[in-house]
file work00.pdb (PDB, C-alpha atoms)
ATOM      1  CA  MET A   2       0.000   0.000   0.000
ATOM      2  CA  ARG A   3       1.501   3.286  -1.093
ATOM      3  CA  GLU A   4       1.875   6.095   1.431
ATOM      4  CA  ARG A   5       2.192   9.841   0.842
ATOM      5  CA  ARG A   6       2.694  12.993   2.867
ATOM      6  CA  CYS A   7      -0.324  15.163   3.610
ATOM      7  CA  VAL A   8       0.434  18.764   2.626
ATOM      8  CA  ALA A   9      -1.747  20.142   5.435
ATOM      9  CA  THR A  10      -0.518  18.159   8.454
ATOM     10  CA  GLY A  11       2.739  16.559   7.316
ATOM     11  CA  GLU A  12       1.429  13.091   8.196
ATOM     12  CA  VAL A  13       2.410  10.115   6.061
ATOM     13  CA  LEU A  14      -0.750   8.194   5.248
ATOM     14  CA  PRO A  15      -1.898   5.500   2.804
ATOM     15  CA  ASP A  16      -3.575   6.659  -0.402
ATOM     16  CA  GLU A  17      -6.945   5.354   0.750
ATOM     17  CA  ARG A  18      -7.010   7.988   3.506
ATOM     18  CA  LEU A  19      -6.057  10.879   1.259
ATOM     19  CA  VAL A  20      -7.462  12.988  -1.579
ATOM     20  CA  ARG A  21      -5.318  14.066  -4.520
ATOM     21  CA  PHE A  22      -5.403  17.609  -5.928
ATOM     22  CA  VAL A  23      -3.982  18.956  -9.174
ATOM     23  CA  LEU A  24      -3.600  22.363 -10.748
ATOM     24  CA  GLY A  25      -6.316  23.018 -13.308
ATOM     25  CA  PRO A  26      -7.069  25.860 -15.723
ATOM     26  CA  ASN A  27      -6.459  29.410 -14.486
ATOM     27  CA  ASP A  28      -4.177  28.148 -11.707
ATOM     28  CA  ARG A  29      -7.129  26.761  -9.758
ATOM     29  CA  VAL A  30      -6.758  23.792  -7.446
ATOM     30  CA  VAL A  31      -8.963  20.894  -8.571
ATOM     31  CA  PRO A  32      -9.889  17.780  -6.533
ATOM     32  CA  ASP A  33      -8.925  14.499  -8.181
ATOM     33  CA  VAL A  34     -10.733  11.952  -6.010
ATOM     34  CA  ALA A  35     -10.043   9.110  -8.468
ATOM     35  CA  ALA A  36      -6.322  10.049  -8.649
ATOM     36  CA  ARG A  37      -6.318   9.911 -12.447
ATOM     37  CA  LEU A  38      -5.975  13.489 -13.681
ATOM     38  CA  PRO A  39      -2.707  14.395 -15.436
ATOM     39  CA  GLY A  40      -0.124  16.663 -13.897
ATOM     40  CA  ARG A  41       1.703  16.847 -10.641
ATOM     41  CA  GLY A  42      -0.528  16.062  -7.701
ATOM     42  CA  VAL A  43      -0.508  16.896  -4.020
ATOM     43  CA  TRP A  44      -2.274  14.924  -1.333
ATOM     44  CA  VAL A  45      -4.389  15.999   1.626
ATOM     45  CA  ARG A  46      -5.934  13.918   4.376
ATOM     46  CA  ALA A  47      -9.530  13.067   3.482
ATOM     47  CA  ASP A  48     -11.324  15.331   5.913
ATOM     48  CA  ARG A  49     -12.795  18.806   5.808
ATOM     49  CA  ALA A  50     -10.463  20.282   8.431
ATOM     50  CA  SER A  51      -7.318  19.235   6.556
ATOM     51  CA  VAL A  52      -8.563  20.567   3.212
ATOM     52  CA  GLU A  53      -9.511  23.864   4.866
ATOM     53  CA  LEU A  54      -6.112  24.066   6.556
ATOM     54  CA  ALA A  55      -4.255  23.500   3.284
ATOM     55  CA  ARG A  56      -6.420  26.118   1.574
ATOM     56  CA  ARG A  57      -6.036  28.782   4.249
ATOM     57  CA  LYS A  58      -2.326  28.282   4.877
ATOM     58  CA  GLY A  59      -1.207  28.143   1.238
ATOM     59  CA  GLY A  60      -0.266  24.482   1.371
ATOM     60  CA  PHE A  61      -1.166  23.835  -2.250
ATOM     61  CA  ALA A  62       1.047  26.623  -3.622
ATOM     62  CA  ARG A  63       3.986  25.573  -1.438
ATOM     63  CA  SER A  64       3.767  21.941  -2.476
ATOM     64  CA  LEU A  65       3.224  22.650  -6.157
ATOM     65  CA  LYS A  66       5.883  25.403  -6.092
ATOM     66  CA  GLU A  67       3.740  27.670  -8.250
ATOM     67  CA  LYS A  68       0.683  29.868  -8.060
ATOM     68  CA  ALA A  69      -2.304  27.849  -6.891
ATOM     69  CA  LEU A  70      -5.729  29.344  -6.212
ATOM     70  CA  ALA A  71      -7.813  27.236  -3.833
ATOM     71  CA  PRO A  72     -11.519  28.235  -3.963
ATOM     72  CA  ASP A  73     -13.444  28.815  -0.755
ATOM     73  CA  ASP A  74     -15.754  25.875  -1.487
ATOM     74  CA  LEU A  75     -12.949  23.380  -2.143
ATOM     75  CA  ALA A  76     -13.957  21.070   0.711
ATOM     76  CA  ASP A  77     -17.566  21.124  -0.522
ATOM     77  CA  GLN A  78     -16.344  20.164  -3.998
ATOM     78  CA  VAL A  79     -14.469  17.194  -2.534
ATOM     79  CA  GLU A  80     -17.534  16.088  -0.588
ATOM     80  CA  ALA A  81     -19.741  16.238  -3.688
ATOM     81  CA  LEU A  82     -17.243  14.283  -5.787
ATOM     82  CA  LEU A  83     -16.776  11.594  -3.129
ATOM     83  CA  ALA A  84     -20.542  11.273  -2.712
ATOM     84  CA  ARG A  85     -20.938  10.883  -6.479
ATOM     85  CA  ARG A  86     -18.185   8.249  -6.474
ATOM     86  CA  CYS A  87     -19.933   6.270  -3.732
ATOM     87  CA  LEU A  88     -23.272   6.383  -5.529
ATOM     88  CA  ASP A  89     -21.651   5.323  -8.802
ATOM     89  CA  MET A  90     -20.159   2.327  -7.014
ATOM     90  CA  LEU A  91     -23.634   1.261  -5.935
ATOM     91  CA  GLY A  92     -24.678   1.247  -9.576
ATOM     92  CA  LEU A  93     -21.653  -0.827 -10.503
ATOM     93  CA  GLY A  94     -22.441  -3.209  -7.666
ATOM     94  CA  ARG A  95     -25.976  -3.691  -8.952
ATOM     95  CA  LYS A  96     -24.768  -4.438 -12.471
ATOM     96  CA  ALA A  97     -22.197  -6.928 -11.150
ATOM     97  CA  GLY A  98     -24.738  -8.732  -8.984
ATOM     98  CA  ALA A  99     -22.760  -7.689  -5.909
ATOM     99  CA  LEU A 100     -25.606  -5.672  -4.380
ATOM    100  CA  THR A 101     -29.276  -6.322  -3.764
ATOM    101  CA  PHE A 102     -31.976  -3.855  -2.765
ATOM    102  CA  GLY A 103     -35.593  -3.723  -1.669
ATOM    103  CA  TYR A 104     -36.758  -4.836   1.778
ATOM    104  CA  ASP A 105     -37.705  -8.397   0.845
ATOM    105  CA  LYS A 106     -34.484  -9.062  -1.084
ATOM    106  CA  VAL A 107     -32.320  -7.574   1.649
ATOM    107  CA  GLU A 108     -34.149  -9.618   4.268
ATOM    108  CA  ALA A 109     -33.572 -12.796   2.228
ATOM    109  CA  ALA A 110     -29.885 -11.937   1.788
ATOM    110  CA  ILE A 111     -29.439 -11.487   5.544
ATOM    111  CA  ARG A 112     -31.114 -14.822   6.199
ATOM    112  CA  ALA A 113     -28.741 -16.503   3.747
ATOM    113  CA  ALA A 114     -25.454 -15.057   5.033
ATOM    114  CA  PRO A 115     -24.041 -12.388   7.345
ATOM    115  CA  PRO A 116     -24.530  -9.009   5.625
ATOM    116  CA  LEU A 117     -21.386  -7.352   4.271
ATOM    117  CA  GLY A 118     -22.882  -3.888   4.685
ATOM    118  CA  LEU A 119     -26.289  -2.244   4.715
ATOM    119  CA  VAL A 120     -27.175   0.961   2.891
ATOM    120  CA  GLU A 121     -30.239   2.717   4.282
ATOM    121  CA  ALA A 122     -31.916   5.846   2.958
ATOM    122  CA  SER A 123     -31.514   8.804   5.292
ATOM    123  CA  ASP A 124     -35.216   9.622   4.860
ATOM    124  CA  GLY A 125     -36.475   6.052   5.237
ATOM    125  CA  ALA A 126     -38.737   4.973   8.090
ATOM    126  CA  GLY A 127     -36.900   3.554  11.064
ATOM    127  CA  GLU A 128     -39.056   0.451  11.520
ATOM    128  CA  GLY A 129     -37.844  -1.418   8.443
ATOM    129  CA  ARG A 130     -34.227  -0.440   9.057
ATOM    130  CA  ASP A 131     -34.350  -1.630  12.663
ATOM    131  CA  LYS A 132     -35.992  -4.926  11.679
ATOM    132  CA  LEU A 133     -33.133  -5.674   9.296
ATOM    133  CA  ARG A 134     -30.500  -4.734  11.863
ATOM    134  CA  LYS A 135     -32.169  -6.914  14.498
ATOM    135  CA  LEU A 136     -32.518  -9.783  12.064
ATOM    136  CA  SER A 137     -28.773  -9.647  11.370
ATOM    137  CA  PHE A 138     -28.010  -9.556  15.075
ATOM    138  CA  GLY A 139     -30.462 -12.327  15.868
ATOM    139  CA  LEU A 140     -29.166 -14.687  13.189
ATOM    140  CA  TRP A 141     -25.451 -13.885  13.113
ATOM    141  CA  LYS A 142     -24.745 -11.913  16.326
ATOM    142  CA  ILE A 143     -23.234  -9.067  14.330
ATOM    143  CA  GLU A 144     -24.175  -5.418  13.956
ATOM    144  CA  PRO A 145     -23.977  -4.801  10.194
ATOM    145  CA  GLU A 146     -21.958  -1.879   8.868
ATOM    146  CA  LEU A 147     -24.537   0.792   8.188
ATOM    147  CA  VAL A 148     -24.414   3.731   5.757
ATOM    148  CA  GLY A 149     -27.222   6.266   5.917
ATOM    149  CA  CYS A 150     -26.004   9.475   4.294
ATOM    150  CA  PHE A 151     -27.962   9.306   1.026
ATOM    151  CA  THR A 152     -31.648   9.992   0.418
ATOM    152  CA  SER A 153     -34.001   7.437  -1.099
ATOM    153  CA  ALA A 154     -34.095   9.544  -4.265
ATOM    154  CA  GLU A 155     -30.295   9.582  -4.541
ATOM    155  CA  LEU A 156     -30.154   5.810  -4.013
ATOM    156  CA  GLY A 157     -32.917   5.365  -6.560
ATOM    157  CA  VAL A 158     -31.045   7.273  -9.250
ATOM    158  CA  ALA A 159     -27.903   5.242  -8.541
ATOM    159  CA  LEU A 160     -29.787   1.946  -8.728
ATOM    160  CA  GLY A 161     -32.167   2.712 -11.582
ATOM    161  CA  ARG A 162     -35.369   3.087  -9.569
ATOM    162  CA  ASP A 163     -37.612   5.952  -8.498
ATOM    163  CA  HIS A 164     -36.403   5.516  -4.947
ATOM    164  CA  VAL A 165     -34.601   2.911  -2.853
ATOM    165  CA  VAL A 166     -34.670   2.625   0.935
ATOM    166  CA  HIS A 167     -32.768  -0.597   1.706
ATOM    167  CA  ALA A 168     -29.724  -2.161   0.013
ATOM    168  CA  CYS A 169     -27.220  -4.828   1.016
ATOM    169  CA  TRP A 170     -23.781  -5.777  -0.300
ATOM    170  CA  LEU A 171     -23.335  -9.414  -1.318
ATOM    171  CA  GLN A 172     -19.737  -9.507  -2.586
ATOM    172  CA  GLU A 173     -16.833  -8.946  -0.211
ATOM    173  CA  ARG A 174     -14.374  -7.374  -2.662
ATOM    174  CA  MET A 175     -16.754  -4.661  -3.826
ATOM    175  CA  ALA A 176     -18.107  -4.169  -0.309
ATOM    176  CA  ARG A 177     -14.593  -3.458   0.969
ATOM    177  CA  LYS A 178     -13.876  -1.019  -1.860
ATOM    178  CA  TRP A 179     -17.169   0.755  -1.162
ATOM    179  CA  ALA A 180     -16.338   0.926   2.552
ATOM    180  CA  GLY A 181     -13.019   2.603   1.744
ATOM    181  CA  GLU A 182     -14.714   5.304  -0.319
ATOM    182  CA  VAL A 183     -17.383   5.797   2.334
ATOM    183  CA  ALA A 184     -14.631   6.223   4.936
ATOM    184  CA  ARG A 185     -13.169   9.082   2.876
ATOM    185  CA  LEU A 186     -16.600  10.656   2.535
ATOM    186  CA  GLY A 187     -16.934  10.365   6.306
ATOM    187  CA  GLY A 188     -14.312  13.072   6.661
ATOM    188  CA  PHE A 189     -16.788  15.524   5.122
ATOM    189  CA  ARG A 190     -20.244  14.415   6.272
ATOM    190  CA  ALA A 191     -21.833  12.155   8.873
ATOM    191  CA  ILE A 192     -22.176   8.666   7.415
ATOM    192  CA  THR A 193     -24.787   7.471   9.895
ATOM    193  CA  PRO A 194     -27.190   9.854  11.673
ATOM    194  CA  SER A 195     -26.514   9.900  15.401
ATOM    195  CA  SER A 196     -30.172   9.112  16.074
ATOM    196  CA  TRP A 197     -29.701   5.693  14.432
ATOM    197  CA  ARG A 198     -26.911   4.599  16.759
ATOM    198  CA  THR A 199     -29.035   2.686  19.220
ATOM    199  CA  GLN A 200     -27.874  -0.555  20.784
ATOM    200  CA  LEU A 201     -29.573  -3.634  19.431
ATOM    201  CA  THR A 202     -31.469  -5.850  21.837
ATOM    202  CA  VAL A 203     -29.201  -8.655  23.006
ATOM    203  CA  GLY A 204     -30.513 -12.162  22.477
ATOM    204  CA  VAL A 205     -33.076 -11.326  19.798
ATOM    205  CA  ASP A 206     -35.245 -14.376  19.153
ATOM    206  CA  ARG A 207     -34.963 -15.637  15.585
ATOM    207  CA  GLY A 208     -38.675 -16.263  15.520
ATOM    208  CA  SER A 209     -39.776 -12.940  16.978
ATOM    209  CA  ASP A 210     -41.938 -10.695  14.873
ATOM    210  CA  ALA A 211     -39.504  -7.823  15.298
ATOM    211  CA  ALA A 212     -36.695  -9.805  13.723
ATOM    212  CA  THR A 213     -38.477 -11.803  11.070
ATOM    213  CA  THR A 214     -41.590 -10.115   9.676
ATOM    214  CA  ALA A 215     -41.722  -7.722   6.764
ATOM    215  CA  SER A 216     -42.970  -4.175   7.127
ATOM    216  CA  SER A 217     -46.698  -3.593   7.505
ATOM    217  CA  GLN A 218     -48.822  -2.194   4.690
ATOM    218  CA  SER A 219     -48.491   1.270   6.217
ATOM    219  CA  ASP A 220     -44.744   0.966   5.606
ATOM    220  CA  ALA A 221     -45.087  -0.348   2.062
ATOM    221  CA  ALA A 222     -43.061   2.493   0.611
ATOM    222  CA  ASP A 223     -40.217   1.551   2.946
ATOM    223  CA  ARG A 224     -39.964  -1.926   1.393
ATOM    224  CA  ILE A 225     -38.179  -0.673  -1.720
TER     225      ILE A 225
END

call {"tool": "encode", "arguments": {"input": "work00.pdb", "output": "structure tokens"}}
result
Amino acid sequence: MRERRCVATGEVLPDERLVRFVLGPNDRVVPDVAARLPGRGVWVRADRASVELARRKGGFARSLKEKALAPDDLADQVEALLARRCLDMLGLGRKAGALTFGYDKVEAAIRAAPPLGLVEASDGAGEGRDKLRKLSFGLWKIEPELVGCFTSAELGVALGRDHVVHACWLQERMARKWAGEVARLGGFRAITPSSWRTQLTVGVDRGSDAATTASSQSDAADRI
């Protein structure tokens, strides 16, 4: 794993914890979250504070050894690009058969094997989400990794539907790659709302309604 020095803090960190920047047209600093743009690049720790520090203290110009204009919204640009990258990966996962979505399909996937990661819409009802979490805990005694920083509309666009509330990773390789990108995004926005971080009931009965039944008709929209 390659390591590089962060221009803001001086830390030496692996690429997966950094964001690359290059000099674009008109001497403007441009985020290169995929690390593919041509030209000399500089690296900053993947969090808002580090990007802001590099921007305010002239870290980009010093590292590039030339004029470099860092816009005020640079950290927001990074956040938007990382979010887009994460959503695109969901689409790739669907096409590769590495991701399933919809309440019933996610429930079936959890029953078949320990979930590799759950993606829940930030605006989805809590009942369906909690049933899936409790089902995972009841069957496998694990709290699934949970991402809840995208709306149902955003997930729907990524997965080719009007809206999506529940999704689950099925393939370990793609799930790990997704988790790495989500970790970078986590430096710029909350990945899971604090209100979701409730402890699961210990010893959930596999046969209990809370762990095994689908959502009621009043929650039909939450089953997608």

call {"tool": "closest_residue", "arguments": {"input": "work00.pdb", "among": "A:Glu108, A:Leu156, A:Leu119, A:Asp77", "to": "Leu136 of chain A", "atoms": "only C-alpha atoms"}}
result
A:Glu108

call {"tool": "closest_residue", "arguments": {"input": "work00.pdb", "among": "A:Val120, A:Leu93, A:Cys7, A:Val183", "to": "Val107 of chain A", "atoms": "all atoms listed in the file"}}
result
A:Val120

call {"tool": "closest_residue", "arguments": {"input": "work00.pdb", "among": "A:Gly103, A:Lys178, A:Phe189, A:Arg112", "to": "Gln78 of chain A", "atoms": "only C-alpha atoms"}}
result
A:Phe189

call {"tool": "resolve_selection", "arguments": {"input": "work00.pdb", "expression": "the PyMOL selection byres ((chain A and resi 15) around 10)", "output": "VMD selection string"}}
result
chain A and resid 2 to 7 12 to 14 16 to 19 46

call {"tool": "resolve_selection", "arguments": {"input": "work00.pdb", "expression": "the PyMOL selection byres ((chain A and resi 21) around 10)", "output": "number ranges by chain"}}
result
A: 7, 16, 19-20, 22-23, 31-38, 41-47, 79

call {"tool": "atom_distance", "arguments": {"input": "work00.pdb", "atom1": "atom CA of Leu75 of chain A", "atom2": "atom CA of Glu182 of chain A"}}
result
18.3 Å

call {"tool": "resolve_selection", "arguments": {"input": "work00.pdb", "expression": "the PyMOL selection byres ((chain A and resi 122-128) around 8)", "output": "list in words"}}
result
Val120, Glu121, Gly129, Arg130, Asp131, Lys132, Gly149, Cys150, Phe151, Thr152, Ser153, Leu156, Val165, Val166, His167, Pro194, Ser216, Asp220 and Asp223 of chain A

call {"tool": "residues_around", "arguments": {"input": "work00.pdb", "residues": "Ala71 of chain A", "least_positions_apart": "3", "cutoff": "9 Å", "atoms": "all atoms listed in the file", "output": "PyMOL selection string"}}
result
chain A and resi 28-31+55-57+59+61-62+74-75

call {"tool": "residues_around", "arguments": {"input": "work00.pdb", "residues": "Ala109 of chain A", "least_positions_apart": "3", "cutoff": "12 Å", "atoms": "all atoms listed in the file", "output": "list in words"}}
result
Thr101, Phe102, Gly103, Tyr104, Asp105, Lys106, Arg112, Ala113, Ala114, Pro115, Pro116, Leu133, Leu136, Ser137, Leu140, Ala168, Cys169, Leu171, Thr213, Thr214 and Ala215 of chain A

call {"tool": "closest_residue", "arguments": {"input": "work00.pdb", "among": "A:Asp73, A:Arg85, A:Leu54, A:Asn27", "to": "Val158 of chain A", "atoms": "all atoms listed in the file"}}
result
A:Arg85

call {"tool": "atom_distance", "arguments": {"input": "work00.pdb", "atom1": "atom CA of Arg134 of chain A", "atom2": "atom CA of Val148 of chain A"}}
result
12.1 Å

call {"tool": "closest_residue", "arguments": {"input": "work00.pdb", "among": "A:Ala110, A:Leu117, A:Leu88, A:Ala191", "to": "Gly161 of chain A", "atoms": "only C-alpha atoms"}}
result
A:Leu88

call {"tool": "residues_around", "arguments": {"input": "work00.pdb", "residues": "Arg49 of chain A", "least_positions_apart": "4", "cutoff": "7 Å", "atoms": "only C-alpha atoms", "output": "PDB file with C-alpha atoms, in the coordinates of the input"}}
result
ATOM      1  CA  GLU A  53      -9.511  23.864   4.866  1.00  0.00           C
ATOM      2  CA  ALA A  76     -13.957  21.070   0.711  1.00  0.00           C
ATOM      3  CA  GLY A 188     -14.312  13.072   6.661  1.00  0.00           C
ATOM      4  CA  PHE A 189     -16.788  15.524   5.122  1.00  0.00           C
TER       5      PHE A 189
END

call {"tool": "atom_distance", "arguments": {"input": "work00.pdb", "atom1": "atom CA of Gly118 of chain A", "atom2": "atom CA of Pro145 of chain A"}}
result
5.7 Å

call {"tool": "closest_residue", "arguments": {"input": "work00.pdb", "among": "A:Ala154, A:Val8, A:Leu83, A:Leu91", "to": "Arg63 of chain A", "atoms": "all atoms listed in the file"}}
result
A:Val8

call {"tool": "residues_around", "arguments": {"input": "work00.pdb", "residues": "Arg174 of chain A", "least_positions_apart": "2", "cutoff": "12 Å", "atoms": "only C-alpha atoms", "output": "PDB file with C-alpha atoms, keeping the file's coordinate frame"}}
result
ATOM      1  CA  GLY A  94     -22.441  -3.209  -7.666  1.00  0.00           C
ATOM      2  CA  ALA A  97     -22.197  -6.928 -11.150  1.00  0.00           C
ATOM      3  CA  ALA A  99     -22.760  -7.689  -5.909  1.00  0.00           C
ATOM      4  CA  LEU A 100     -25.606  -5.672  -4.380  1.00  0.00           C
ATOM      5  CA  LEU A 117     -21.386  -7.352   4.271  1.00  0.00           C
ATOM      6  CA  GLY A 118     -22.882  -3.888   4.685  1.00  0.00           C
ATOM      7  CA  TRP A 170     -23.781  -5.777  -0.300  1.00  0.00           C
ATOM      8  CA  LEU A 171     -23.335  -9.414  -1.318  1.00  0.00           C
ATOM      9  CA  GLN A 172     -19.737  -9.507  -2.586  1.00  0.00           C
ATOM     10  CA  ALA A 176     -18.107  -4.169  -0.309  1.00  0.00           C
ATOM     11  CA  ARG A 177     -14.593  -3.458   0.969  1.00  0.00           C
ATOM     12  CA  LYS A 178     -13.876  -1.019  -1.860  1.00  0.00           C
ATOM     13  CA  TRP A 179     -17.169   0.755  -1.162  1.00  0.00           C
ATOM     14  CA  ALA A 180     -16.338   0.926   2.552  1.00  0.00           C
ATOM     15  CA  GLY A 181     -13.019   2.603   1.744  1.00  0.00           C
TER      16      GLY A 181
END

call {"tool": "decode", "arguments": {"input": "work00.pdb", "residues": "segment 152-169 of chain A", "atoms": "N, CA and C atoms", "output": "mmCIF file, in the first residue's frame"}}
result
data_model
loop_
_atom_site.group_PDB
_atom_site.id
_atom_site.type_symbol
_atom_site.label_atom_id
_atom_site.label_comp_id
_atom_site.auth_asym_id
_atom_site.auth_seq_id
_atom_site.Cartn_x
_atom_site.Cartn_y
_atom_site.Cartn_z
ATOM 1 N N THR A 152 -30.191 10.048 0.405
ATOM 2 C CA THR A 152 -31.648 9.992 0.418
ATOM 3 C C THR A 152 -32.149 8.829 -0.444
ATOM 4 N N SER A 153 -33.413 8.509 -0.283
ATOM 5 C CA SER A 153 -34.001 7.437 -1.099
ATOM 6 C C SER A 153 -33.999 7.813 -2.572
ATOM 7 N N ALA A 154 -34.141 9.108 -2.872
ATOM 8 C CA ALA A 154 -34.095 9.544 -4.265
ATOM 9 C C ALA A 154 -32.697 9.381 -4.845
ATOM 10 N N GLU A 155 -31.675 9.737 -4.082
ATOM 11 C CA GLU A 155 -30.295 9.582 -4.541
ATOM 12 C C GLU A 155 -29.968 8.106 -4.773
ATOM 13 N N LEU A 156 -30.386 7.244 -3.844
ATOM 14 C CA LEU A 156 -30.154 5.810 -4.013
ATOM 15 C C LEU A 156 -30.925 5.280 -5.215
ATOM 16 N N GLY A 157 -32.124 5.800 -5.419
ATOM 17 C CA GLY A 157 -32.917 5.365 -6.560
ATOM 18 C C GLY A 157 -32.254 5.688 -7.881
ATOM 19 N N VAL A 158 -31.739 6.897 -8.013
ATOM 20 C CA VAL A 158 -31.045 7.273 -9.250
ATOM 21 C C VAL A 158 -29.842 6.358 -9.471
ATOM 22 N N ALA A 159 -29.092 6.083 -8.414
ATOM 23 C CA ALA A 159 -27.903 5.242 -8.541
ATOM 24 C C ALA A 159 -28.251 3.818 -8.948
ATOM 25 N N LEU A 160 -29.424 3.347 -8.517
ATOM 26 C CA LEU A 160 -29.787 1.946 -8.728
ATOM 27 C C LEU A 160 -30.893 1.768 -9.760
ATOM 28 N N GLY A 161 -31.216 2.830 -10.490
ATOM 29 C CA GLY A 161 -32.167 2.712 -11.582
ATOM 30 C C GLY A 161 -33.608 2.548 -11.164
ATOM 31 N N ARG A 162 -33.988 3.137 -10.049
ATOM 32 C CA ARG A 162 -35.369 3.087 -9.569
ATOM 33 C C ARG A 162 -35.823 4.495 -9.191
ATOM 34 N N ASP A 163 -37.120 4.653 -8.945
ATOM 35 C CA ASP A 163 -37.612 5.952 -8.498
ATOM 36 C C ASP A 163 -37.024 6.296 -7.136
ATOM 37 N N HIS A 164 -37.032 5.330 -6.244
ATOM 38 C CA HIS A 164 -36.403 5.516 -4.947
ATOM 39 C C HIS A 164 -36.054 4.155 -4.368
ATOM 40 N N VAL A 165 -35.044 4.135 -3.518
ATOM 41 C CA VAL A 165 -34.601 2.911 -2.853
ATOM 42 C C VAL A 165 -34.352 3.248 -1.387
ATOM 43 N N VAL A 166 -34.834 2.392 -0.503
ATOM 44 C CA VAL A 166 -34.670 2.625 0.935
ATOM 45 C C VAL A 166 -33.650 1.678 1.547
ATOM 46 N N HIS A 167 -33.653 0.416 1.120
ATOM 47 C CA HIS A 167 -32.768 -0.597 1.706
ATOM 48 C C HIS A 167 -31.905 -1.244 0.629
ATOM 49 N N ALA A 168 -30.621 -1.429 0.915
ATOM 50 C CA ALA A 168 -29.724 -2.161 0.013
ATOM 51 C C ALA A 168 -28.710 -2.915 0.854
ATOM 52 N N CYS A 169 -28.156 -3.980 0.283
ATOM 53 C CA CYS A 169 -27.220 -4.828 1.016
ATOM 54 C C CYS A 169 -26.140 -5.345 0.064
#
